[in-house]
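Trainee: Contents of entry.txt (compact mmCIF, C-alpha atoms and all ligand atoms):
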# COMPACT_ATOMS: atom_id res chain seq x y z
CA MET R 1 -22.29 11.70 12.68
CA ARG R 2 -23.08 8.22 11.34
CA ILE R 3 -20.23 6.93 9.17
CA LEU R 4 -19.91 3.55 7.49
CA ILE R 5 -16.44 2.28 6.56
CA VAL R 6 -16.40 -0.56 4.06
CA GLY R 7 -13.21 -2.63 4.43
CA ALA R 8 -10.99 -3.27 7.45
CA GLY R 9 -7.60 -3.04 5.72
CA ILE R 10 -4.95 -0.42 6.44
CA ALA R 11 -7.08 2.48 5.13
CA GLY R 12 -10.32 1.48 6.87
CA LEU R 13 -8.71 0.72 10.24
CA ALA R 14 -6.57 3.87 10.12
CA PHE R 15 -9.62 5.99 9.32
CA ALA R 16 -11.61 4.42 12.16
CA ARG R 17 -8.71 5.17 14.51
CA ALA R 18 -8.49 8.78 13.26
CA LEU R 19 -12.25 9.19 13.88
CA GLU R 20 -12.06 7.64 17.35
CA LEU R 21 -9.30 10.10 18.26
CA ARG R 22 -11.82 12.84 17.38
CA GLY R 23 -14.67 11.28 19.32
CA ILE R 24 -16.58 9.59 16.46
CA VAL R 25 -17.28 5.85 16.45
CA PRO R 26 -17.96 4.53 12.94
CA ASP R 27 -19.42 1.22 11.77
CA ILE R 28 -17.09 -1.06 9.78
CA VAL R 29 -18.05 -3.96 7.56
CA GLU R 30 -15.42 -6.40 6.34
CA ARG R 31 -16.05 -8.97 3.67
CA ARG R 32 -13.67 -11.60 5.03
CA ALA R 33 -14.94 -14.12 7.55
CA ILE R 34 -11.73 -14.52 9.52
CA TRP R 35 -9.56 -11.81 10.91
CA GLY R 36 -5.85 -11.70 10.14
CA ALA R 37 -3.97 -10.23 7.21
CA LYS R 38 -2.66 -12.70 4.72
CA GLY R 39 0.51 -11.66 3.15
CA THR R 40 4.08 -10.86 3.46
CA GLY R 41 5.93 -7.72 4.44
CA LEU R 42 5.50 -4.01 4.27
CA PHE R 43 8.05 -1.25 3.89
CA LEU R 44 7.07 2.13 5.37
CA PRO R 45 8.94 5.24 4.19
CA GLY R 46 9.24 8.16 6.62
CA ASN R 47 5.99 9.89 5.63
CA ALA R 48 4.11 6.68 6.50
CA SER R 49 5.67 6.50 9.95
CA ARG R 50 4.80 10.18 10.46
CA ALA R 51 1.17 9.34 9.65
CA PHE R 52 1.23 6.38 12.08
CA SER R 53 2.75 8.68 14.67
CA GLN R 54 -0.17 11.10 14.20
CA LEU R 55 -2.50 8.14 14.75
CA GLY R 56 -0.63 7.47 18.02
CA LEU R 57 0.53 4.05 16.81
CA LEU R 58 4.21 4.60 16.05
CA PRO R 59 5.57 3.49 19.47
CA ASP R 60 3.84 0.10 19.12
CA ILE R 61 4.93 -0.26 15.49
CA THR R 62 8.58 0.46 16.27
CA LYS R 63 8.50 -2.31 18.90
CA VAL R 64 7.90 -4.95 16.19
CA ALA R 65 9.37 -3.32 13.07
CA VAL R 66 12.94 -3.28 11.79
CA PRO R 67 14.38 0.23 11.27
CA ILE R 68 15.61 0.69 7.70
CA ARG R 69 18.49 3.16 7.70
CA HIS R 70 19.69 2.60 4.14
CA GLN R 71 18.23 1.68 0.77
CA ARG R 72 20.88 -0.02 -1.37
CA VAL R 73 20.44 -0.58 -5.07
CA LEU R 74 22.72 -3.10 -6.79
CA SER R 75 23.03 -4.35 -10.34
CA HIS R 76 21.84 -7.90 -11.02
CA ARG R 77 25.49 -8.94 -10.70
CA GLY R 78 25.79 -7.43 -7.23
CA GLU R 79 27.69 -4.21 -8.00
CA GLU R 80 26.48 -1.37 -5.75
CA LEU R 81 24.85 1.38 -7.85
CA HIS R 82 23.78 3.65 -5.01
CA ASN R 83 23.08 3.66 -1.30
CA ILE R 84 20.62 6.15 0.17
CA ASN R 85 20.89 7.21 3.79
CA THR R 86 17.15 7.05 4.49
CA GLU R 87 17.58 8.02 8.12
CA ARG R 88 19.02 11.36 7.05
CA PHE R 89 16.63 11.92 4.16
CA TRP R 90 13.47 11.28 6.23
CA ALA R 91 14.76 12.87 9.45
CA ALA R 92 12.00 15.51 9.47
CA CYS R 93 9.25 12.84 9.20
CA GLY R 94 10.22 9.70 11.04
CA PRO R 95 12.04 6.41 10.61
CA CYS R 96 11.69 4.12 7.62
CA LEU R 97 10.43 0.77 8.93
CA ALA R 98 9.72 -2.75 7.73
CA LEU R 99 7.39 -5.26 9.35
CA SER R 100 5.06 -8.12 8.58
CA ARG R 101 1.59 -7.29 7.24
CA ALA R 102 0.03 -9.43 9.95
CA ASP R 103 1.71 -7.30 12.65
CA MET R 104 0.61 -4.11 10.91
CA HIS R 105 -3.04 -5.22 10.81
CA SER R 106 -3.17 -6.45 14.37
CA LEU R 107 -1.63 -3.19 15.63
CA LEU R 108 -4.19 -1.18 13.70
CA ARG R 109 -7.00 -3.36 14.99
CA ARG R 110 -5.78 -3.14 18.58
CA GLY R 111 -5.74 0.64 18.08
CA LEU R 112 -9.57 0.65 17.98
CA GLU R 113 -11.16 0.91 21.39
CA ARG R 114 -14.84 1.43 20.62
CA THR R 115 -15.35 0.57 16.95
CA SER R 116 -16.70 -2.87 16.23
CA ILE R 117 -16.04 -4.64 12.94
CA GLU R 118 -18.79 -6.70 11.40
CA MET R 119 -17.10 -9.56 9.58
CA SER R 120 -18.51 -11.55 6.63
CA ASN R 121 -20.59 -8.65 5.45
CA SER R 122 -20.46 -6.14 2.65
CA VAL R 123 -22.53 -3.56 0.82
CA ARG R 124 -24.90 -4.68 -1.87
CA HIS R 125 -26.46 -1.36 -2.79
CA ILE R 126 -26.02 2.32 -1.91
CA ARG R 127 -28.87 4.75 -2.53
CA GLN R 128 -27.69 8.34 -2.48
CA GLU R 129 -29.92 10.88 -0.75
CA PRO R 130 -29.26 14.64 -0.49
CA ASP R 131 -27.72 14.40 3.00
CA GLY R 132 -26.66 10.79 3.26
CA CYS R 133 -26.96 7.27 1.92
CA GLU R 134 -29.25 4.34 2.45
CA VAL R 135 -27.07 1.24 2.45
CA THR R 136 -28.29 -2.28 1.81
CA PHE R 137 -25.89 -4.89 3.17
CA GLY R 138 -25.13 -8.36 1.92
CA ASN R 139 -27.15 -9.84 4.79
CA GLY R 140 -30.23 -7.94 3.59
CA GLU R 141 -30.22 -5.29 6.34
CA THR R 142 -30.68 -1.61 5.43
CA LYS R 143 -29.19 1.32 7.38
CA ARG R 144 -28.80 5.04 6.89
CA TYR R 145 -25.49 6.90 7.08
CA GLU R 146 -24.42 10.49 6.56
CA LEU R 147 -21.21 9.28 4.93
CA VAL R 148 -20.04 6.02 3.33
CA VAL R 149 -16.28 5.53 3.02
CA GLY R 150 -15.04 2.91 0.56
CA ALA R 151 -11.81 1.52 2.03
CA ASP R 152 -12.29 -1.82 0.33
CA GLY R 153 -9.11 -2.05 -1.68
CA ILE R 154 -8.24 -2.28 -5.33
CA ARG R 155 -11.33 -4.37 -6.26
CA SER R 156 -13.59 -1.97 -4.33
CA ARG R 157 -17.28 -2.78 -4.38
CA VAL R 158 -18.05 0.78 -3.27
CA ARG R 159 -16.12 2.12 -6.27
CA GLN R 160 -18.03 -0.22 -8.57
CA ILE R 161 -21.29 1.17 -7.22
CA ALA R 162 -20.35 4.87 -7.20
CA PHE R 163 -17.98 4.95 -10.20
CA PRO R 164 -19.03 2.02 -12.39
CA SER R 165 -16.74 2.96 -15.28
CA ALA R 166 -13.53 3.07 -13.19
CA SER R 167 -11.53 -0.12 -12.97
CA PRO R 168 -7.94 -1.16 -12.22
CA ALA R 169 -5.42 -1.18 -15.07
CA TYR R 170 -2.42 -3.49 -15.46
CA THR R 171 0.86 -1.60 -14.84
CA GLY R 172 3.17 -3.84 -16.86
CA ASN R 173 4.64 -5.90 -14.00
CA VAL R 174 3.92 -9.26 -12.47
CA CYS R 175 5.35 -10.00 -9.03
CA TRP R 176 6.00 -12.68 -6.45
CA ARG R 177 6.30 -12.10 -2.71
CA PHE R 178 7.24 -14.35 0.18
CA VAL R 179 8.84 -14.34 3.61
CA ALA R 180 11.98 -16.45 4.10
CA GLU R 181 14.71 -17.14 6.62
CA ASN R 182 17.31 -14.42 6.24
CA VAL R 183 20.02 -16.86 5.13
CA VAL R 184 21.85 -14.15 3.20
CA GLY R 185 22.15 -11.77 6.18
CA VAL R 186 20.46 -8.80 4.49
CA ASP R 187 20.45 -6.04 7.11
CA SER R 188 18.68 -3.26 5.22
CA TRP R 189 16.43 -2.59 2.20
CA THR R 190 18.39 -4.11 -0.72
CA ALA R 191 17.27 -4.20 -4.35
CA MET R 192 18.97 -5.75 -7.37
CA ILE R 193 18.01 -4.45 -10.80
CA GLY R 194 18.26 -6.50 -13.97
CA ARG R 195 16.72 -6.13 -17.42
CA ARG R 196 12.95 -6.05 -16.84
CA GLN R 197 13.43 -7.67 -13.42
CA THR R 198 13.89 -6.64 -9.80
CA LEU R 199 14.77 -8.64 -6.72
CA LEU R 200 14.21 -6.89 -3.40
CA ALA R 201 14.81 -8.11 0.14
CA ILE R 202 13.89 -6.30 3.35
CA PRO R 203 14.50 -7.63 6.87
CA ILE R 204 11.22 -7.67 8.84
CA SER R 205 12.45 -9.34 12.04
CA PRO R 206 15.80 -10.52 13.47
CA SER R 207 15.56 -13.76 11.45
CA LYS R 208 13.09 -13.16 8.59
CA VAL R 209 13.35 -11.33 5.33
CA TYR R 210 10.53 -10.19 3.04
CA VAL R 211 11.37 -10.93 -0.60
CA TYR R 212 9.74 -9.22 -3.59
CA ALA R 213 10.56 -10.21 -7.17
CA ASP R 214 9.05 -8.58 -10.22
CA HIS R 215 9.20 -9.00 -13.95
CA ALA R 216 8.04 -6.48 -16.57
CA VAL R 217 5.86 -8.18 -19.19
CA ASN R 218 3.28 -6.97 -21.68
CA LEU R 219 -0.36 -7.53 -20.95
CA SER R 220 -0.59 -9.96 -23.87
CA THR R 221 1.92 -12.34 -22.23
CA ALA R 222 1.22 -11.64 -18.55
CA TRP R 223 -1.23 -14.56 -18.39
CA LYS R 224 1.71 -16.96 -18.81
CA TYR R 225 3.02 -16.11 -15.34
CA SER R 226 1.69 -17.54 -12.10
CA GLY R 227 2.58 -18.53 -8.56
CA SER R 228 3.88 -21.87 -9.73
CA ILE R 229 6.65 -20.52 -11.96
CA ASN R 230 10.26 -21.55 -11.29
CA LEU R 231 11.79 -18.36 -9.84
CA GLU R 232 15.28 -19.83 -9.74
CA ARG R 233 15.15 -20.21 -13.53
CA LEU R 234 13.40 -16.88 -14.18
CA PHE R 235 15.96 -14.92 -12.12
CA SER R 236 18.96 -17.05 -13.16
CA LYS R 237 20.89 -13.99 -14.45
CA PHE R 238 21.03 -12.64 -10.87
CA SER R 239 23.88 -13.33 -8.46
CA GLY R 240 24.49 -12.71 -4.75
CA PRO R 241 23.56 -11.32 -2.37
CA LEU R 242 19.87 -11.95 -3.16
CA PHE R 243 19.77 -14.80 -5.68
CA PRO R 244 20.15 -17.51 -2.97
CA LEU R 245 16.78 -16.36 -1.58
CA VAL R 246 14.95 -17.42 -4.75
CA LYS R 247 17.25 -20.36 -5.37
CA LYS R 248 16.61 -21.85 -1.94
CA LEU R 249 12.90 -21.12 -1.95
CA PRO R 250 11.36 -24.10 -0.13
CA PRO R 251 8.53 -25.87 -2.03
CA GLN R 252 6.14 -25.18 0.87
CA ALA R 253 6.85 -21.39 0.80
CA ASP R 254 3.73 -19.21 0.98
CA LEU R 255 4.25 -17.49 -2.38
CA HIS R 256 1.96 -14.59 -3.32
CA PHE R 257 1.70 -13.87 -7.02
CA SER R 258 -0.01 -10.81 -8.55
CA HIS R 259 -0.43 -8.91 -11.76
CA ILE R 260 0.26 -5.40 -10.49
CA GLU R 261 -2.56 -2.98 -11.19
CA SER R 262 -3.30 0.65 -10.45
CA VAL R 263 -6.42 2.78 -10.14
CA SER R 264 -6.57 6.35 -11.48
CA ILE R 265 -9.88 8.13 -11.16
CA GLY R 266 -8.91 11.62 -9.97
CA ASP R 267 -12.12 12.46 -8.11
CA TRP R 268 -12.89 9.95 -5.37
CA ARG R 269 -16.11 11.45 -4.17
CA LYS R 270 -19.68 11.07 -5.36
CA LYS R 271 -22.16 12.96 -3.19
CA ARG R 272 -21.91 11.22 0.21
CA VAL R 273 -19.66 8.37 -0.89
CA VAL R 274 -15.89 8.82 -0.76
CA LEU R 275 -13.04 6.40 -1.48
CA ILE R 276 -9.74 6.15 0.40
CA GLY R 277 -6.59 4.00 0.11
CA ASP R 278 -6.31 1.52 -2.74
CA ALA R 279 -10.02 1.81 -3.56
CA ALA R 280 -9.31 5.40 -4.64
CA HIS R 281 -5.75 5.31 -5.94
CA ALA R 282 -3.96 1.95 -5.84
CA SER R 283 -0.56 2.33 -7.45
CA SER R 284 2.36 0.17 -8.44
CA PRO R 285 4.40 -0.63 -5.30
CA SER R 286 7.60 0.88 -6.69
CA MET R 287 7.41 3.86 -4.29
CA ALA R 288 6.08 1.70 -1.38
CA GLU R 289 3.60 4.48 -0.70
CA GLY R 290 0.34 2.49 -0.46
CA ALA R 291 0.15 2.28 3.33
CA GLY R 292 1.47 5.82 3.79
CA LEU R 293 -1.06 7.33 1.38
CA ALA R 294 -3.87 5.29 2.97
CA CYS R 295 -3.03 6.62 6.44
CA GLU R 296 -2.62 10.17 5.18
CA ASP R 297 -6.07 9.87 3.54
CA ALA R 298 -7.46 8.63 6.86
CA LEU R 299 -5.98 11.49 8.88
CA LEU R 300 -7.03 14.21 6.46
CA LEU R 301 -10.56 12.90 5.90
CA ALA R 302 -11.17 12.66 9.66
CA LYS R 303 -9.81 16.18 10.11
CA VAL R 304 -11.90 17.84 7.38
CA ILE R 305 -15.18 16.20 8.33
CA CYS R 306 -14.69 17.01 12.02
CA GLU R 307 -13.60 20.59 11.40
CA ASN R 308 -16.25 21.54 8.80
CA ALA R 309 -19.92 21.76 9.66
CA ASN R 310 -20.77 21.17 6.00
CA VAL R 311 -19.94 17.57 5.04
CA ASP R 312 -20.12 18.22 1.28
CA GLU R 313 -17.62 21.06 1.54
CA ALA R 314 -15.38 18.89 3.71
CA LEU R 315 -15.34 16.14 1.07
CA ASP R 316 -14.48 18.65 -1.65
CA ILE R 317 -11.56 19.92 0.45
CA PHE R 318 -10.39 16.35 1.06
CA VAL R 319 -10.27 15.43 -2.63
CA ARG R 320 -8.67 18.76 -3.60
CA GLN R 321 -5.92 18.43 -1.00
CA ARG R 322 -5.10 14.80 -1.77
CA GLU R 323 -5.23 14.89 -5.56
CA ARG R 324 -1.83 16.53 -6.11
CA ARG R 325 0.15 14.26 -3.81
CA VAL R 326 -1.52 11.10 -5.07
CA SER R 327 -1.01 11.96 -8.73
CA TRP R 328 2.65 12.77 -7.99
CA VAL R 329 3.11 9.29 -6.51
CA HIS R 330 1.36 7.71 -9.50
CA LYS R 331 3.64 9.58 -11.93
CA GLN R 332 6.78 8.61 -10.01
CA CYS R 333 5.72 4.96 -9.88
CA ALA R 334 5.09 4.93 -13.62
CA ALA R 335 8.52 6.51 -14.27
CA ARG R 336 10.24 3.93 -12.03
CA ASP R 337 8.37 1.09 -13.74
CA ARG R 338 9.40 2.41 -17.17
CA MET R 339 13.03 2.58 -16.08
CA ARG R 340 12.93 -1.17 -15.36
CA THR R 341 12.32 -1.87 -19.02
CA LEU R 342 15.56 -0.13 -20.11
CA PRO R 343 18.55 -2.27 -21.10
CA THR R 344 20.95 -2.66 -18.16
CA PHE R 345 23.73 -0.79 -20.00
CA ILE R 346 21.46 2.28 -19.76
CA SER R 347 19.70 1.71 -16.41
CA GLY R 348 22.96 0.72 -14.64
CA PRO R 349 24.87 4.00 -15.24
CA LEU R 350 21.63 5.99 -14.77
CA LEU R 351 21.09 4.47 -11.32
CA LYS R 352 24.79 4.69 -10.46
CA TYR R 353 25.25 8.37 -11.26
CA PHE R 354 21.74 9.75 -10.79
CA GLY R 355 20.03 7.19 -8.51
CA ALA R 356 20.45 9.20 -5.33
CA SER R 357 19.19 12.43 -6.89
CA LEU R 358 16.28 10.61 -8.56
CA TYR R 359 15.33 9.16 -5.16
CA GLU R 360 15.44 12.57 -3.51
CA ARG R 361 13.52 14.17 -6.36
CA SER R 362 10.71 11.63 -6.26
CA TYR R 363 10.30 11.54 -2.46
CA ARG R 364 11.03 15.18 -1.58
CA PRO R 365 7.42 16.44 -2.03
CA LEU R 366 6.28 13.75 0.42
CA LEU R 367 8.37 15.30 3.20
CA ALA R 368 5.77 18.09 3.35
CA GLN R 369 3.02 17.66 5.92
CA ILE R 370 -0.38 16.74 4.47
C1 LIG O 1 3.12 -6.33 -4.61
C2 LIG O 1 2.76 -5.21 -3.69
C3 LIG O 1 3.67 -4.78 -2.74
C4 LIG O 1 3.36 -3.70 -1.93
N1 LIG O 1 4.27 -3.26 -1.01
C5 LIG O 1 3.99 -2.19 -0.26
C6 LIG O 1 4.94 -1.69 0.69
O1 LIG O 1 6.03 -2.25 0.87
N2 LIG O 1 4.61 -0.58 1.40
C7 LIG O 1 3.40 0.04 1.25
O2 LIG O 1 3.15 1.04 1.92
N3 LIG O 1 2.49 -0.42 0.39
C8 LIG O 1 2.75 -1.51 -0.35
N4 LIG O 1 1.82 -1.99 -1.22
C9 LIG O 1 0.51 -1.32 -1.29
C10 LIG O 1 -0.32 -1.63 -0.06
O3 LIG O 1 -0.40 -3.03 0.15
C11 LIG O 1 -1.72 -1.08 -0.25
O4 LIG O 1 -1.65 0.24 -0.72
C12 LIG O 1 -2.49 -1.09 1.06
O5 LIG O 1 -2.64 -2.41 1.53
C13 LIG O 1 -3.85 -0.46 0.81
O6 LIG O 1 -4.65 -0.63 1.93
P1 LIG O 1 -6.21 -0.55 1.77
O7 LIG O 1 -6.74 -0.66 3.15
O8 LIG O 1 -6.61 0.61 0.93
O9 LIG O 1 -6.61 -1.84 0.93
P2 LIG O 1 -6.50 -3.38 1.34
O10 LIG O 1 -5.28 -3.62 2.12
O11 LIG O 1 -6.72 -4.15 0.09
O12 LIG O 1 -7.74 -3.60 2.32
C14 LIG O 1 -9.07 -3.63 1.84
C15 LIG O 1 -9.92 -4.34 2.87
O13 LIG O 1 -11.28 -4.29 2.41
C16 LIG O 1 -11.84 -5.62 2.45
N5 LIG O 1 -12.85 -5.68 1.40
C17 LIG O 1 -12.66 -5.83 0.06
N6 LIG O 1 -13.84 -5.80 -0.58
C18 LIG O 1 -14.80 -5.64 0.36
C19 LIG O 1 -16.20 -5.52 0.32
N7 LIG O 1 -16.87 -5.58 -0.85
N8 LIG O 1 -16.87 -5.36 1.48
C20 LIG O 1 -16.20 -5.30 2.67
N9 LIG O 1 -14.87 -5.41 2.77
C21 LIG O 1 -14.17 -5.56 1.64
C22 LIG O 1 -10.66 -6.54 2.21
O14 LIG O 1 -10.93 -7.85 2.68
C23 LIG O 1 -9.58 -5.83 3.02
O15 LIG O 1 -9.61 -6.17 4.38
C24 LIG O 1 2.10 -3.07 -2.03
C25 LIG O 1 1.16 -3.52 -2.96
C26 LIG O 1 1.49 -4.58 -3.79
C27 LIG O 1 0.48 -5.05 -4.82
What does the file become when written as structure tokens?
Ligand SMILES: Cc1cc2nc3c(=O)[nH]c(=O)nc-3n(C[C@H](O)[C@H](O)[C@H](O)COP(=O)(O)OP(=O)(O)OC[C@H]3O[C@@H](n4cnc5c(N)ncnc54)[C@H](O)[C@@H]3O)c2cc1C
Mentor:
Amino acid sequence: MRILIVGAGIAGLAFARALELRGIVPDIVERRAIWGAKGTGLFLPGNASRAFSQLGLLPDITKVAVPIRHQRVLSHRGEELHNINTERFWAACGPCLALSRADMHSLLRRGLERTSIEMSNSVRHIRQEPDGCEVTFGNGETKRYELVVGADGIRSRVRQIAFPSASPAYTGNVCWRFVAENVVGVDSWTAMIGRRQTLLAIPISPSKVYVYADHAVNLSTAWKYSGSINLERLFSKFSGPLFPLVKKLPPQADLHFSHIESVSIGDWRKKRVVLIGDAAHASSPSMAEGAGLACEDALLLAKVICENANVDEALDIFVRQRERRVSWVHKQCAARDRMRTLPTFISGPLLKYFGASLYERSYRPLLAQI
């Protein structure tokens, strides 16, 4: 079967790996000219590590990742609100892990033995035919495929072509991310919650910590925020243990700023074009489910197309089986994002007395196998 994957991010590489494990070698095109993930850190809840285990990559990931045995939530003043034993909660799936994005991408890429990735190329046009697609690439070449998989992220070109009316929507948060020396000695996932603001730090190596800071702002004022804002001033109401990380941010820090967006289109399939990962269902990062959902998509899509002689039926099964889980994650993310906008005298007690049960409630459905 001739399959084109557009995008060599987590979803595209994981899908190529899942296909290779089943004896299919796809083509991949990647828009970027140079290999290597930009970026910061990645937290993987247990369902993500289960998916990586099914891709045969977990042993290599655990060699470079930091195991996260607890998720601690503190008030902006440093009072502990709750502390989840993630090792126990995710025991049936696998460990929660944190690592650098660059390590994640190179492990996924090294996991491909026969698939080659064509860099600096993309799709310009896709012509649907009854049993496949004719694809015109950016370099002018035209090729025929039985299936085109859009794994090209939140600004997906494939989605623009197949679903022109679907576009990302602002979620109400702007965020900053960077990697720093772990001067505060954070040894597990630690978040501090203030009014409309979160500071999160996750160790990703023995000496480095991944820091994520977000701020809930309306769309009408979101344009005022950028990567050059003074984080020390913006998060000045926060105290230890995490405030020193933004206070001591060196001027040369590689700071990543984004307006957080999500994509909700429900049906990710149009004839012989299907979307996976962020192209299909990017969500706010408040559940840290992006990589996990992308890998689950990859595993299920490879399974259904290899186990069903009829590709169209296989794609219908794929969308049907994924829709419920993905929309659950979207709903939970939206609820978590809304909670951030509550005054701290409401969110504090809520997280203190109900935080653990809210965590279990929102993640429990993801313990189930896909
Ligand atoms: C602030 C923030 C924090 C996050 N934290 C976490 C976390 O801790 N844990 C977690 O699991 N998830 C997290 N996520 C989500 C996670 O990063 C994404 O869900 C995940 O990267 C999606 O992978 P993807 O392969 O679908 O898309 P991407 O990673 O965006 O990869 C898409 C690939 O396609 C390529 N591409 C784009 N357009 C084209 C084109 N036209 N032609 C060819 N190639 C193209 C891109 O260059 C890229 O290589 C976070 C997201 C945000 C915004």
Trainee: Which of these residues is nearest to Asn47 in chain R, using all atoms listed in the file: R:Ile161, R:Ala191, R:Ile305, R:Ala294?
Mentor: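 Looking only at the distances to Asn47 in chain R, the closest residue turns out to be R:Ala294.
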Trainee: Considering only C-alpha atoms, can you say which of R:Glu296, R:Asp187, R:Glu323, R:Glu181 comes closest to Val246 in chain R?
Mentor: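 Answer, going by the shortest atom-to-atom distance: R:Glu181.
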Trainee: For Val179 in chain R, which of R:Leu249, R:Val329, R:Ala92, R:Cys295 is the closest residue, counting all atoms listed in the file?
Mentor: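 Going through R:Leu249, R:Val329, R:Ala92, R:Cys295 one by one, the smallest distance to Val179 in chain R is for R:Leu249.
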Trainee: Quick one: what's the axis-aligned box for ligand LIG 1 (chain O), all listed atoms, 4 Å on every side, centre and edges in Å to one decimal, as JSON?
Mentor:
{"center_x": -5.4, "center_y": -3.4, "center_z": -0.2, "size_x": 30.9, "size_y": 16.9, "size_z": 17.2}
Trainee: Pick out the residues no farther than 7 Å from ligand LIG 1 (chain O), counting only C-alpha atoms and all ligand atoms, and list them as a compact mmCIF listing (two decimals) with C-alpha atoms, keeping the file's coordinate frame.
Mentor:
# COMPACT_ATOMS: atom_id res chain seq x y z
CA VAL R 6 -16.40 -0.56 4.06
CA GLY R 7 -13.21 -2.63 4.43
CA ALA R 8 -10.99 -3.27 7.45
CA GLY R 9 -7.60 -3.04 5.72
CA ILE R 10 -4.95 -0.42 6.44
CA ALA R 11 -7.08 2.48 5.13
CA GLY R 12 -10.32 1.48 6.87
CA VAL R 29 -18.05 -3.96 7.56
CA GLU R 30 -15.42 -6.40 6.34
CA ARG R 31 -16.05 -8.97 3.67
CA ARG R 32 -13.67 -11.60 5.03
CA GLY R 41 5.93 -7.72 4.44
CA LEU R 42 5.50 -4.01 4.27
CA PHE R 43 8.05 -1.25 3.89
CA LEU R 44 7.07 2.13 5.37
CA ASN R 121 -20.59 -8.65 5.45
CA SER R 122 -20.46 -6.14 2.65
CA VAL R 123 -22.53 -3.56 0.82
CA ALA R 151 -11.81 1.52 2.03
CA ASP R 152 -12.29 -1.82 0.33
CA GLY R 153 -9.11 -2.05 -1.68
CA ILE R 154 -8.24 -2.28 -5.33
CA ARG R 155 -11.33 -4.37 -6.26
CA SER R 156 -13.59 -1.97 -4.33
CA ARG R 157 -17.28 -2.78 -4.38
CA VAL R 158 -18.05 0.78 -3.27
CA CYS R 175 5.35 -10.00 -9.03
CA ARG R 177 6.30 -12.10 -2.71
CA SER R 258 -0.01 -10.81 -8.55
CA ILE R 260 0.26 -5.40 -10.49
CA ILE R 276 -9.74 6.15 0.40
CA GLY R 277 -6.59 4.00 0.11
CA ASP R 278 -6.31 1.52 -2.74
CA ALA R 279 -10.02 1.81 -3.56
CA ALA R 282 -3.96 1.95 -5.84
CA SER R 284 2.36 0.17 -8.44
CA PRO R 285 4.40 -0.63 -5.30
CA ALA R 288 6.08 1.70 -1.38
CA GLU R 289 3.60 4.48 -0.70
CA GLY R 290 0.34 2.49 -0.46
CA ALA R 291 0.15 2.28 3.33
CA GLY R 292 1.47 5.82 3.79
CA ALA R 294 -3.87 5.29 2.97
Trainee: Can you tell me how far CA of Cys133 in chain R sits from CA of Ala166 in chain R, in Å to one decimal?
Mentor: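 Spanning CA of Cys133 in chain R to CA of Ala166 in chain R is a straight-line distance of 20.6 Å.
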Trainee: I'd like the neighbourhood of Trp223 in chain R as JSON, numbers by chain, where a residue qualifies if any of its atoms comes within 10 Å (using all atoms listed in the file), though same-chain residues fewer than 6 positions away should be ignored.
Mentor: {"R": [174, 217, 259]}
Trainee: Could you tell me how far CA of Asn308 in chain R sits from CA of Trp268 in chain R, in Å to one decimal place?
Mentor: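 Between these atoms lies a distance of 18.6 Å.
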Trainee: Starting from the point (-11.7, 8.6, 6.8), work out which residues of protein, DNA or RNA have an atom no more than 10 Å away when counting all atoms listed in the file; state them as a VMD selection string.
Mentor: chain R and resid 3 to 5 11 to 19 26 147 to 151 274 to 277 294 to 305 318
Trainee: Export C-alpha atoms of the chosen residues as an mmCIF file, in the coordinates of the input?
Mentor:
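Contents of the output file selection-v4.cif:
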data_model
loop_
_atom_site.group_PDB
_atom_site.id
_atom_site.type_symbol
_atom_site.label_atom_id
_atom_site.label_comp_id
_atom_site.auth_asym_id
_atom_site.auth_seq_id
_atom_site.Cartn_x
_atom_site.Cartn_y
_atom_site.Cartn_z
ATOM 1 C CA ILE R 3 -20.230 6.930 9.170
ATOM 2 C CA LEU R 4 -19.910 3.550 7.490
ATOM 3 C CA ILE R 5 -16.440 2.280 6.560
ATOM 4 C CA ALA R 11 -7.080 2.480 5.130
ATOM 5 C CA GLY R 12 -10.320 1.480 6.870
ATOM 6 C CA LEU R 13 -8.710 0.720 10.240
ATOM 7 C CA ALA R 14 -6.570 3.870 10.120
ATOM 8 C CA PHE R 15 -9.620 5.990 9.320
ATOM 9 C CA ALA R 16 -11.610 4.420 12.160
ATOM 10 C CA ARG R 17 -8.710 5.170 14.510
ATOM 11 C CA ALA R 18 -8.490 8.780 13.260
ATOM 12 C CA LEU R 19 -12.250 9.190 13.880
ATOM 13 C CA PRO R 26 -17.960 4.530 12.940
ATOM 14 C CA LEU R 147 -21.210 9.280 4.930
ATOM 15 C CA VAL R 148 -20.040 6.020 3.330
ATOM 16 C CA VAL R 149 -16.280 5.530 3.020
ATOM 17 C CA GLY R 150 -15.040 2.910 0.560
ATOM 18 C CA ALA R 151 -11.810 1.520 2.030
ATOM 19 C CA VAL R 274 -15.890 8.820 -0.760
ATOM 20 C CA LEU R 275 -13.040 6.400 -1.480
ATOM 21 C CA ILE R 276 -9.740 6.150 0.400
ATOM 22 C CA GLY R 277 -6.590 4.000 0.110
ATOM 23 C CA ALA R 294 -3.870 5.290 2.970
ATOM 24 C CA CYS R 295 -3.030 6.620 6.440
ATOM 25 C CA GLU R 296 -2.620 10.170 5.180
ATOM 26 C CA ASP R 297 -6.070 9.870 3.540
ATOM 27 C CA ALA R 298 -7.460 8.630 6.860
ATOM 28 C CA LEU R 299 -5.980 11.490 8.880
ATOM 29 C CA LEU R 300 -7.030 14.210 6.460
ATOM 30 C CA LEU R 301 -10.560 12.900 5.900
ATOM 31 C CA ALA R 302 -11.170 12.660 9.660
ATOM 32 C CA LYS R 303 -9.810 16.180 10.110
ATOM 33 C CA VAL R 304 -11.900 17.840 7.380
ATOM 34 C CA ILE R 305 -15.180 16.200 8.330
ATOM 35 C CA PHE R 318 -10.390 16.350 1.060
#
